[in-house]
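For reference, the structure is listed below as structure tokens.
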Amino acid sequence: MGEALLDSLSQVLQLQTLGLMLLGVAIGFVVGILPGLGGPVTLALMLPFTFGMEPVQAFAFLLGMLVVTSTTGDITSVLFGIPGEATSAAATLDGYPLTRRGQGGRALGAVLFSSALGSVFGALVLAAMVPVIRPVVLALSAPEFFMLTLVGLTFVVALSGKKVVKGLIMACLGLLVALIGIDSQEGIARYTMDQIYLWDGIPLVPLVVGLFGGAEVLQLMLSRSSIAGGAGAVPKKITGIGEGIRDTLRHWPVVLRASGIGSTIGMIPGLGGSVAQFIAYGQARQSSKNPELFGKGAIDGVIASGAVNNAKDGGSLVPTIAFGIPGGAATAVLLSAFLIAGLDPGPEMLTTELDVTYSMVWIVVLANFVAVAAAFAFLRPLTRLTFISGPLLVPFLLLLLGLGAYSSSNSFGDVLVMLVAAAIGVACIRWDWPRVPFLLAVVLGGIAERYLFVSYSLFGWDWLLRPTVIGLAVVLLLVFLVPTLRRRRVQAQPAPVAEEVRS
Amino acid sequence: MTTPEPRTGTTVPAGTAPPAPAPEPRARRQLPTADIVLSLVLAALFANAFWTAMEWSVKAGLFPRMVTGLGVLLTLLHVAVLLLKARTPVPVVEKRVDADDEAEGDVEYVFAHAGGRAWARSLAWIAAFFVGLYVVGLFVIAPLFALTYLRFSVRTSWVFSVAYAAATFAVLYLAFEVALQLPVPPGLFL
């Protein structure tokens, strides 16, 4: 393990890889600060630029960008009370009150430093899980992997809230899209509508770019506002950062607990950072000596929010790498990067491609430390990015959409695929249909069918009677039943009226 | 947005038994037309795909039949549930705010509340960009779109719009033609 870790570190520290990571960090930094432009969207837009890169370089660029959005998203949460990312919402609860009391620097010092520590924790969990999970993964065969694919899909659907049936329908639609193309078993053209372009299937990159990027561009065009909306001015002086760092060191148990929660929840597909942050925040409040300060400017609340955010990134990579089951939207897009780089998540990532897996550990840590150092150095000028008017970004983002889609196979058909995917993405948001199960099903569809075919070829229908398959089928049922029962129980209790919450 | 019904503040004369509590105000749910239409369209799509998959051999058609068959069942189930729910009156205050409603809040709100004119204008600009991309290629449409969109839609100054357009062209040309030498959409005339 030690040798593999050092080998992967030397790969990450190569000049070109390091340069790409720094570029990714710079992009992630800006995106994280800009509220409204999320990590998954940027990841999708940048995916086409990884063509031709070595796997470690591609992940240095993409993963470096993704993990930094979690860190810098906290900056706007603390300074303006507007989460830069959905996963930074908890940081507003105590970070913004501290800023209003003139302690913005202290809150930023605490949230950024705890983010860096959280990322180290998450990376350590990822590194430690590899030897633990490897024998499990290697003991599994095609039937188990087929079931795991289904369990991963249902996890994302069932835990996505009240839209379970909609999620399942979108997953079926995604699987249908994944079926388009020449069948690998018998060479039959499936759902190609006599178009030679579709023989190779629907290209993943234009689909991801359109599904996530299209809606964001349209939103900027329709809203025509500054991205920060009604945020106040940048504080004239940001001081007290050192005090925030000392606060973080003093509250090390909070960092450890929040990081533990983050990396554990990160490993469960479908839950993701939005849930983890509030669980960690609630836990910090419960264990605090001053729970009454929470919501009014408790520094331990800020620390918990920072640490949990970044620890979850390392955790969410575990199921993505080991089983090809992403934890959420960002890792679903990242899974597309695996396929583009020619990597198969699963046993390969834990044996022959172990250096790529361990390089991710280093990228998570290095990218976060670079981002935190840059944030401390250029904090005030960078926060001005928040005031860029949204419509000014439209020409640039449209350019990225077109270019990103076209570069998939240098065909205008890819641009059309992107536009159709954008229309699907917009329709999903407009009428409240989940997009992530659709994307996940497109990504996993081909893999699932291959595992099903191999299972049938090797065992006939007897594979259905294997004990692990039955066990996974039970898990699959529980994934649906438990949230449904819980929702019914919650529905029996009085709920807040919409007017009260939104006003 | 929903507004809860105001509570009625009735008084009870002394010496009389208090009246039975008035039944909670209940309202018929609105028919979710968009969801029903989308589900029916998807049901038709899945049914057609299922029918097509029946013509293939078991090896090529097994997984497609499983997926599309399940798709038909789920979409029809969804329509049935929506219709049943629409017939069931619910207390007005029962409307909940779930965490996932808040997650995509901004985008969802903007899409739901942008007027028809704003939609038409935005879609027209997007269509113009991609038609231009197909006809005249990236190196022409990118600066041209930046100039016209910023000047006439965002109403920035001529100087800013021209500078933005020039910078766009310069960055594109230097990055994609000179440095990376990557192919970009060339347009119909090249």
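Ordered as shown in the structure tokens, chains take letters A, B, and onward, while each chain numbers its residues from 1 and ligands are numbered from 1 in the order shown.
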- Considering only C-alpha atoms, return as a ChimeraX atom specification whatever protein or nucleic-acid residues lie within 12 Å of Thr156 in chain B, sequence-local ones (same chain, fewer than 4 positions apart) excluded. /A:389,391-392 /B:146-152,160-164
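For the set A:Ala405, A:Ile245, A:Val177, A:Leu397, the residue with the smallest atom-to-atom gap to Val208 in chain A is A:Ala405, counting only C-alpha atoms.
Residues in contact with range 36-43 of chain B at up to 7 Å, not including ones fewer than 3 positions away on its chain and judged by only C-alpha atoms, are Pro32, Thr33, Phe46, Ala47, Gly71, Val72, Thr75, Leu76 and Val79 of chain B.
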Residues from the last selection, N, CA and C atoms, saved as a PDB file, in the first residue's frame:
ATOM      1  N   PRO B  32     -52.453  17.812 -11.755  1.00  0.00           N
ATOM      2  CA  PRO B  32     -51.102  18.113 -12.268  1.00  0.00           C
ATOM      3  C   PRO B  32     -50.997  17.766 -13.753  1.00  0.00           C
ATOM      4  N   THR B  33     -51.521  18.661 -14.581  1.00  0.00           N
ATOM      5  CA  THR B  33     -51.634  18.379 -16.018  1.00  0.00           C
ATOM      6  C   THR B  33     -50.276  18.051 -16.640  1.00  0.00           C
ATOM      7  N   PHE B  46     -42.230   4.297 -24.144  1.00  0.00           N
ATOM      8  CA  PHE B  46     -41.824   2.989 -23.619  1.00  0.00           C
ATOM      9  C   PHE B  46     -42.584   1.858 -24.329  1.00  0.00           C
ATOM     10  N   ALA B  47     -43.888   2.075 -24.566  1.00  0.00           N
ATOM     11  CA  ALA B  47     -44.697   1.035 -25.219  1.00  0.00           C
ATOM     12  C   ALA B  47     -44.160   0.773 -26.621  1.00  0.00           C
ATOM     13  N   GLY B  71     -40.940   0.479 -17.645  1.00  0.00           N
ATOM     14  CA  GLY B  71     -41.245   1.889 -17.931  1.00  0.00           C
ATOM     15  C   GLY B  71     -42.726   2.091 -18.173  1.00  0.00           C
ATOM     16  N   VAL B  72     -43.343   1.186 -18.973  1.00  0.00           N
ATOM     17  CA  VAL B  72     -44.784   1.306 -19.253  1.00  0.00           C
ATOM     18  C   VAL B  72     -45.568   1.187 -17.951  1.00  0.00           C
ATOM     19  N   THR B  75     -45.071   4.363 -15.638  1.00  0.00           N
ATOM     20  CA  THR B  75     -45.713   5.591 -16.118  1.00  0.00           C
ATOM     21  C   THR B  75     -47.229   5.513 -15.944  1.00  0.00           C
ATOM     22  N   LEU B  76     -47.805   4.327 -16.257  1.00  0.00           N
ATOM     23  CA  LEU B  76     -49.256   4.190 -16.097  1.00  0.00           C
ATOM     24  C   LEU B  76     -49.644   4.246 -14.615  1.00  0.00           C
ATOM     25  N   VAL B  79     -49.627   7.872 -13.600  1.00  0.00           N
ATOM     26  CA  VAL B  79     -50.828   8.590 -14.044  1.00  0.00           C
ATOM     27  C   VAL B  79     -52.008   8.237 -13.139  1.00  0.00           C
TER      28      VAL B  79
END
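The environment of Leu188 in chain B within 8 Å, counting only C-alpha atoms and disregarding residues fewer than 2 places along the same chain, consists of Tyr134, Val135, Val136, Gly137, Pro186 and Leu190 of chain B.
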Could you please take those selected residues and save C-alpha atoms as a CSV table (one decimal), in the first residue's frame?
chain,number,residue,atom,x,y,z
B,134,TYR,CA,-23.8,25.4,-37.8
B,135,VAL,CA,-23.9,28.0,-40.7
B,136,VAL,CA,-20.9,30.3,-40.1
B,137,GLY,CA,-18.8,28.3,-37.6
B,186,PRO,CA,-16.2,25.1,-39.1
B,190,LEU,CA,-15.3,26.0,-44.9
- Distance query Ala60 in chain A at most 8 Å, only C-alpha atoms, self and fewer than 2 positions along chain excluded, as a count of residues only: 14
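For Phe169 in chain B, the set of protein, DNA and RNA residues having any atom at most 7 Å away, when counting only C-alpha atoms and skipping those fewer than 6 positions along the same chain, is B:Phe139, B:Ala142, B:Pro143.
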